[in-house]
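A.B. asks: What follows is query.cif, mmCIF, C-alpha atoms.
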```
data_my_file
loop_
_atom_site.group_PDB
_atom_site.id
_atom_site.type_symbol
_atom_site.label_atom_id
_atom_site.label_comp_id
_atom_site.auth_asym_id
_atom_site.auth_seq_id
_atom_site.Cartn_x
_atom_site.Cartn_y
_atom_site.Cartn_z
ATOM 1 C CA MET Q 5 25.593 14.135 -37.633
ATOM 2 C CA SER Q 6 23.223 16.141 -35.440
ATOM 3 C CA VAL Q 7 19.895 14.822 -34.218
ATOM 4 C CA ALA Q 8 16.637 16.711 -34.702
ATOM 5 C CA LEU Q 9 13.215 16.098 -33.162
ATOM 6 C CA VAL Q 10 9.749 15.900 -34.694
ATOM 7 C CA ILE Q 11 6.871 16.369 -32.265
ATOM 8 C CA VAL Q 12 3.683 14.710 -33.511
ATOM 9 C CA SER Q 13 0.454 15.637 -31.765
ATOM 10 C CA HIS Q 14 -3.227 15.798 -32.493
ATOM 11 C CA SER Q 15 -3.114 19.449 -31.425
ATOM 12 C CA GLU Q 16 -1.050 22.111 -33.162
ATOM 13 C CA LYS Q 17 -0.999 24.164 -29.963
ATOM 14 C CA LEU Q 18 0.263 21.226 -27.915
ATOM 15 C CA ALA Q 19 3.033 20.365 -30.390
ATOM 16 C CA GLU Q 20 4.097 23.996 -30.695
ATOM 17 C CA GLY Q 21 4.189 24.255 -26.884
ATOM 18 C CA VAL Q 22 6.387 21.164 -26.600
ATOM 19 C CA VAL Q 23 8.697 22.585 -29.261
ATOM 20 C CA GLU Q 24 8.813 25.926 -27.421
ATOM 21 C CA LEU Q 25 9.595 24.274 -24.086
ATOM 22 C CA THR Q 26 12.228 21.967 -25.564
ATOM 23 C CA ALA Q 27 13.881 24.873 -27.378
ATOM 24 C CA GLN Q 28 14.470 26.562 -24.022
ATOM 25 C CA MET Q 29 16.748 23.676 -23.036
ATOM 26 C CA ALA Q 30 18.091 22.795 -26.490
ATOM 27 C CA ARG Q 31 18.566 26.015 -28.423
ATOM 28 C CA ASP Q 32 20.761 24.513 -31.139
ATOM 29 C CA VAL Q 33 18.568 21.485 -31.895
ATOM 30 C CA ALA Q 34 16.314 21.499 -34.951
ATOM 31 C CA LEU Q 35 12.732 20.966 -33.754
ATOM 32 C CA ARG Q 36 9.588 20.577 -35.844
ATOM 33 C CA ALA Q 37 5.938 20.330 -34.859
ATOM 34 C CA ALA Q 38 3.846 18.083 -37.111
ATOM 35 C CA ALA Q 39 0.376 18.371 -35.670
ATOM 36 C CA GLY Q 40 -3.264 18.607 -36.519
ATOM 37 C CA THR Q 41 -4.927 17.669 -39.769
ATOM 38 C CA ASP Q 42 -4.194 19.290 -43.103
ATOM 39 C CA ASP Q 43 -7.345 21.407 -42.737
ATOM 40 C CA GLY Q 44 -6.544 22.589 -39.199
ATOM 41 C CA ARG Q 45 -8.647 20.204 -37.138
ATOM 42 C CA ILE Q 46 -7.581 18.007 -34.228
ATOM 43 C CA GLY Q 47 -5.896 14.881 -35.603
ATOM 44 C CA THR Q 48 -2.728 13.868 -37.373
ATOM 45 C CA SER Q 49 -1.463 14.131 -40.918
ATOM 46 C CA PHE Q 50 0.784 11.709 -42.767
ATOM 47 C CA ASP Q 51 1.912 14.577 -45.003
ATOM 48 C CA LYS Q 52 2.860 16.875 -42.112
ATOM 49 C CA VAL Q 53 4.915 14.175 -40.424
ATOM 50 C CA ASN Q 54 6.507 13.044 -43.676
ATOM 51 C CA ASP Q 55 7.323 16.638 -44.686
ATOM 52 C CA ALA Q 56 8.976 17.361 -41.308
ATOM 53 C CA VAL Q 57 11.104 14.202 -41.519
ATOM 54 C CA THR Q 58 12.015 14.887 -45.158
ATOM 55 C CA GLU Q 59 12.996 18.498 -44.410
ATOM 56 C CA LEU Q 60 15.195 17.548 -41.475
ATOM 57 C CA ARG Q 61 16.837 14.660 -43.311
ATOM 58 C CA ALA Q 62 17.524 16.932 -46.301
ATOM 59 C CA ALA Q 63 19.290 19.301 -43.890
ATOM 60 C CA GLY Q 64 21.532 16.419 -42.811
ATOM 61 C CA HIS Q 65 19.961 15.546 -39.470
ATOM 62 C CA ASP Q 66 19.125 12.206 -37.970
ATOM 63 C CA VAL Q 67 15.565 12.357 -36.623
ATOM 64 C CA VAL Q 68 13.819 11.207 -33.456
ATOM 65 C CA ILE Q 69 10.008 11.335 -33.532
ATOM 66 C CA LEU Q 70 7.790 11.567 -30.446
ATOM 67 C CA THR Q 71 3.977 11.343 -30.325
ATOM 68 C CA ASP Q 72 1.111 12.141 -27.987
ATOM 69 C CA LEU Q 73 -1.526 9.417 -28.537
ATOM 70 C CA GLY Q 74 -2.158 6.105 -30.267
ATOM 71 C CA SER Q 75 -3.354 7.268 -33.670
ATOM 72 C CA ALA Q 76 -0.394 9.665 -33.898
ATOM 73 C CA THR Q 77 1.765 6.602 -33.381
ATOM 74 C CA MET Q 78 -0.039 4.868 -36.245
ATOM 75 C CA THR Q 79 0.615 7.886 -38.472
ATOM 76 C CA VAL Q 80 4.326 7.822 -37.604
ATOM 77 C CA GLU Q 81 4.505 4.079 -38.241
ATOM 78 C CA ALA Q 82 2.967 4.660 -41.688
ATOM 79 C CA VAL Q 83 5.593 7.322 -42.460
ATOM 80 C CA LEU Q 84 8.361 4.966 -41.320
ATOM 81 C CA ASP Q 85 6.967 2.209 -43.540
ATOM 82 C CA PHE Q 86 7.501 4.432 -46.581
ATOM 83 C CA LEU Q 87 11.171 5.134 -45.813
ATOM 84 C CA ASP Q 88 13.759 3.122 -47.699
ATOM 85 C CA ASP Q 89 16.164 0.922 -45.755
ATOM 86 C CA GLU Q 90 18.927 3.540 -45.736
ATOM 87 C CA GLU Q 91 16.631 6.280 -44.416
ATOM 88 C CA LYS Q 92 15.337 3.943 -41.699
ATOM 89 C CA LYS Q 93 18.853 3.983 -40.241
ATOM 90 C CA HIS Q 94 18.470 7.714 -39.617
ATOM 91 C CA VAL Q 95 14.889 8.042 -38.340
ATOM 92 C CA VAL Q 96 13.678 6.583 -35.032
ATOM 93 C CA PHE Q 97 10.321 6.616 -33.293
ATOM 94 C CA ALA Q 98 10.702 6.936 -29.513
ATOM 95 C CA ASN Q 99 7.492 5.813 -27.837
ATOM 96 C CA GLY Q 100 8.046 7.668 -24.587
ATOM 97 C CA PRO Q 101 6.332 10.500 -22.730
ATOM 98 C CA LEU Q 102 5.822 13.457 -25.035
ATOM 99 C CA VAL Q 103 6.837 16.432 -22.901
ATOM 100 C CA GLU Q 104 9.441 14.848 -20.654
ATOM 101 C CA GLY Q 105 10.764 12.748 -23.514
ATOM 102 C CA ALA Q 106 11.129 15.728 -25.820
ATOM 103 C CA VAL Q 107 13.000 17.787 -23.232
ATOM 104 C CA ALA Q 108 15.314 14.917 -22.287
ATOM 105 C CA ALA Q 109 15.938 14.053 -25.949
ATOM 106 C CA GLY Q 110 16.509 17.704 -26.793
ATOM 107 C CA VAL Q 111 19.090 18.096 -24.035
ATOM 108 C CA THR Q 112 20.881 14.930 -25.158
ATOM 109 C CA ALA Q 113 20.921 16.180 -28.752
ATOM 110 C CA GLN Q 114 22.128 19.602 -27.575
ATOM 111 C CA VAL Q 115 25.205 18.058 -25.959
ATOM 112 C CA GLY Q 116 26.008 16.007 -29.056
ATOM 113 C CA GLY Q 117 24.292 12.685 -28.382
ATOM 114 C CA ASP Q 118 23.942 10.362 -31.341
ATOM 115 C CA LEU Q 119 20.655 8.981 -32.664
ATOM 116 C CA ALA Q 120 20.573 6.027 -30.261
ATOM 117 C CA ALA Q 121 21.376 8.179 -27.216
ATOM 118 C CA VAL Q 122 18.780 10.801 -28.091
ATOM 119 C CA ALA Q 123 16.097 8.161 -28.672
ATOM 120 C CA GLN Q 124 16.996 6.432 -25.396
ATOM 121 C CA SER Q 125 16.736 9.735 -23.533
ATOM 122 C CA ALA Q 126 13.204 10.191 -24.846
ATOM 123 C CA LEU Q 127 12.245 6.921 -23.171
ATOM 124 C CA ALA Q 128 13.851 7.629 -19.796
ATOM 125 C CA ARG Q 129 10.810 8.348 -17.630
ATOM 126 C CA GLU Q 130 12.872 8.026 -14.444
ATOM 127 C CA LEU Q 131 14.748 11.230 -15.283
ATOM 128 C CA PHE Q 132 11.699 13.153 -14.112
ATOM 129 C CA ALA Q 133 10.505 10.924 -11.270
#
```
For this file, produce the structure as structure tokens.
C.D. replies:
Amino acid sequence: MSVALVIVSHSEKLAEGVVELTAQMARDVALRAAAGTDDGRIGTSFDKVNDAVTELRAAGHDVVILTDLGSATMTVEAVLDFLDDEEKKHVVFANGPLVEGAVAAGVTAQVGGDLAAVAQSALARELFA
């Protein structure tokens, strides 16, 4: 099973930029930005995050989620709370650096890493030290 990434940010532009950058290193990895509020303001949206996870899971991917700031993390935790036990085996929140974590996770997914390896890569700050 392939691993996809969801980038959760308060800013649509920031999330789209992280997706664009990650795609340069991980062309075959499914990437989704879930950013901003439903009405286009700075913030996060439960529905955007949930929809991105649902879409990627429906396509058969495991999913690693990365966030930019604390309330984005709270939004992701709320989405995870609504997953059933089986789905929770396939969706992981990696609380690492957003940009570096996304690129490292994307590269690991590109070369066939499983869910645990991709999530661990997102946390590996020393890769970019």
A.B. asks: Adding 3 Å on each side of the box along x, y and z that holds all listed atoms of segment 84-99 of chain Q, could you give its centre and edge lengths in Å to one decimal, as AutoDock Vina command-line options?
C.D. replies:
```
--center_x 12.9 --center_y 4.5 --center_z -37.8 --size_x 18.0 --size_y 13.1 --size_z 25.9
```
A.B. asks: Any idea what's packed within 12 Å of Gly64 of chain Q, counting all atoms listed in the file, ignoring anything in its chain fewer than 6 positions away? Could you give it as a PyMOL selection string?
C.D. replies: chain Q and resi 5-8+34+57-58+91+94-95
A.B. asks: Taking the file as shown, find all residues satisfying the PyMOL selection byres ((chain Q and resi 48) around 12) and write them as a ChimeraX atom specification.
C.D. replies: /Q:11-16,19,37-47,49-54,71-80,82-83
A.B. asks: Selected by the PyMOL selection byres ((chain Q and resi 25) around 12) in the shown coordinates: which residues, as a PDB file with C-alpha atoms, keeping the file's coordinate frame?
C.D. replies:
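Once everything was written out, this is result.pdb:
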```
ATOM      1  CA  ILE Q  11       6.871  16.369 -32.265  1.00  0.00           C
ATOM      2  CA  LEU Q  18       0.263  21.226 -27.915  1.00  0.00           C
ATOM      3  CA  ALA Q  19       3.033  20.365 -30.390  1.00  0.00           C
ATOM      4  CA  GLU Q  20       4.097  23.996 -30.695  1.00  0.00           C
ATOM      5  CA  GLY Q  21       4.189  24.255 -26.884  1.00  0.00           C
ATOM      6  CA  VAL Q  22       6.387  21.164 -26.600  1.00  0.00           C
ATOM      7  CA  VAL Q  23       8.697  22.585 -29.261  1.00  0.00           C
ATOM      8  CA  GLU Q  24       8.813  25.926 -27.421  1.00  0.00           C
ATOM      9  CA  THR Q  26      12.228  21.967 -25.564  1.00  0.00           C
ATOM     10  CA  ALA Q  27      13.881  24.873 -27.378  1.00  0.00           C
ATOM     11  CA  GLN Q  28      14.470  26.562 -24.022  1.00  0.00           C
ATOM     12  CA  MET Q  29      16.748  23.676 -23.036  1.00  0.00           C
ATOM     13  CA  ALA Q  30      18.091  22.795 -26.490  1.00  0.00           C
ATOM     14  CA  ARG Q  31      18.566  26.015 -28.423  1.00  0.00           C
ATOM     15  CA  LEU Q  35      12.732  20.966 -33.754  1.00  0.00           C
ATOM     16  CA  LEU Q 102       5.822  13.457 -25.035  1.00  0.00           C
ATOM     17  CA  VAL Q 103       6.837  16.432 -22.901  1.00  0.00           C
ATOM     18  CA  GLU Q 104       9.441  14.848 -20.654  1.00  0.00           C
ATOM     19  CA  GLY Q 105      10.764  12.748 -23.514  1.00  0.00           C
ATOM     20  CA  ALA Q 106      11.129  15.728 -25.820  1.00  0.00           C
ATOM     21  CA  VAL Q 107      13.000  17.787 -23.232  1.00  0.00           C
ATOM     22  CA  ALA Q 108      15.314  14.917 -22.287  1.00  0.00           C
ATOM     23  CA  GLY Q 110      16.509  17.704 -26.793  1.00  0.00           C
ATOM     24  CA  VAL Q 111      19.090  18.096 -24.035  1.00  0.00           C
TER      25      VAL Q 111
END
```
A.B. asks: Using only C-alpha atoms, I'd like a table of the residues in segment 11-100 of chain Q that come within 9 Å of segment 125-129 of chain Q; for each, show the closest atom pair and its distance in Å rounded to one decimal, ordered by chain and ascending number, as JSON lines.
C.D. replies:
```
{"residue": "Q:Val68", "atom": "CA", "partner": "Q:Ala126", "partner_atom": "CA", "distance": 8.7}
{"residue": "Q:Leu70", "atom": "CA", "partner": "Q:Ala126", "partner_atom": "CA", "distance": 7.9}
{"residue": "Q:Ala98", "atom": "CA", "partner": "Q:Ala126", "partner_atom": "CA", "distance": 6.2}
{"residue": "Q:Asn99", "atom": "CA", "partner": "Q:Leu127", "partner_atom": "CA", "distance": 6.8}
{"residue": "Q:Gly100", "atom": "CA", "partner": "Q:Leu127", "partner_atom": "CA", "distance": 4.5}
```
A.B. asks: How many Å separate atom CA of Asp66 of chain Q from atom CA of Arg36 of chain Q?
C.D. replies: 12.9 Å
A.B. asks: Could you tell me how far atom CA of Asp85 of chain Q lies from atom CA of Lys17 of chain Q, in Å and to one decimal?
C.D. replies: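 So the two atoms, atom CA of Asp85 of chain Q and atom CA of Lys17 of chain Q, lie 27.0 Å apart.
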A.B. asks: To one decimal place, how far is atom CA of Gly117 of chain Q from atom CA of Phe86 of chain Q in Å?
C.D. replies: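 Here the two named atoms are 26.1 Å from each other.
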A.B. asks: Return the single residue from Q:Leu119, Q:Ala62, Q:Val96, Q:Ile69 that is closest to Leu9 of chain Q, with distances computed using all atoms listed in the file.
C.D. replies: Q:Ile69
A.B. asks: Here is a test: counting all atoms listed in the file, which residue of Q:Val10, Q:Asp88, Q:Val122, Q:Thr112 is nearest to Leu60 of chain Q?
C.D. replies: Q:Val10
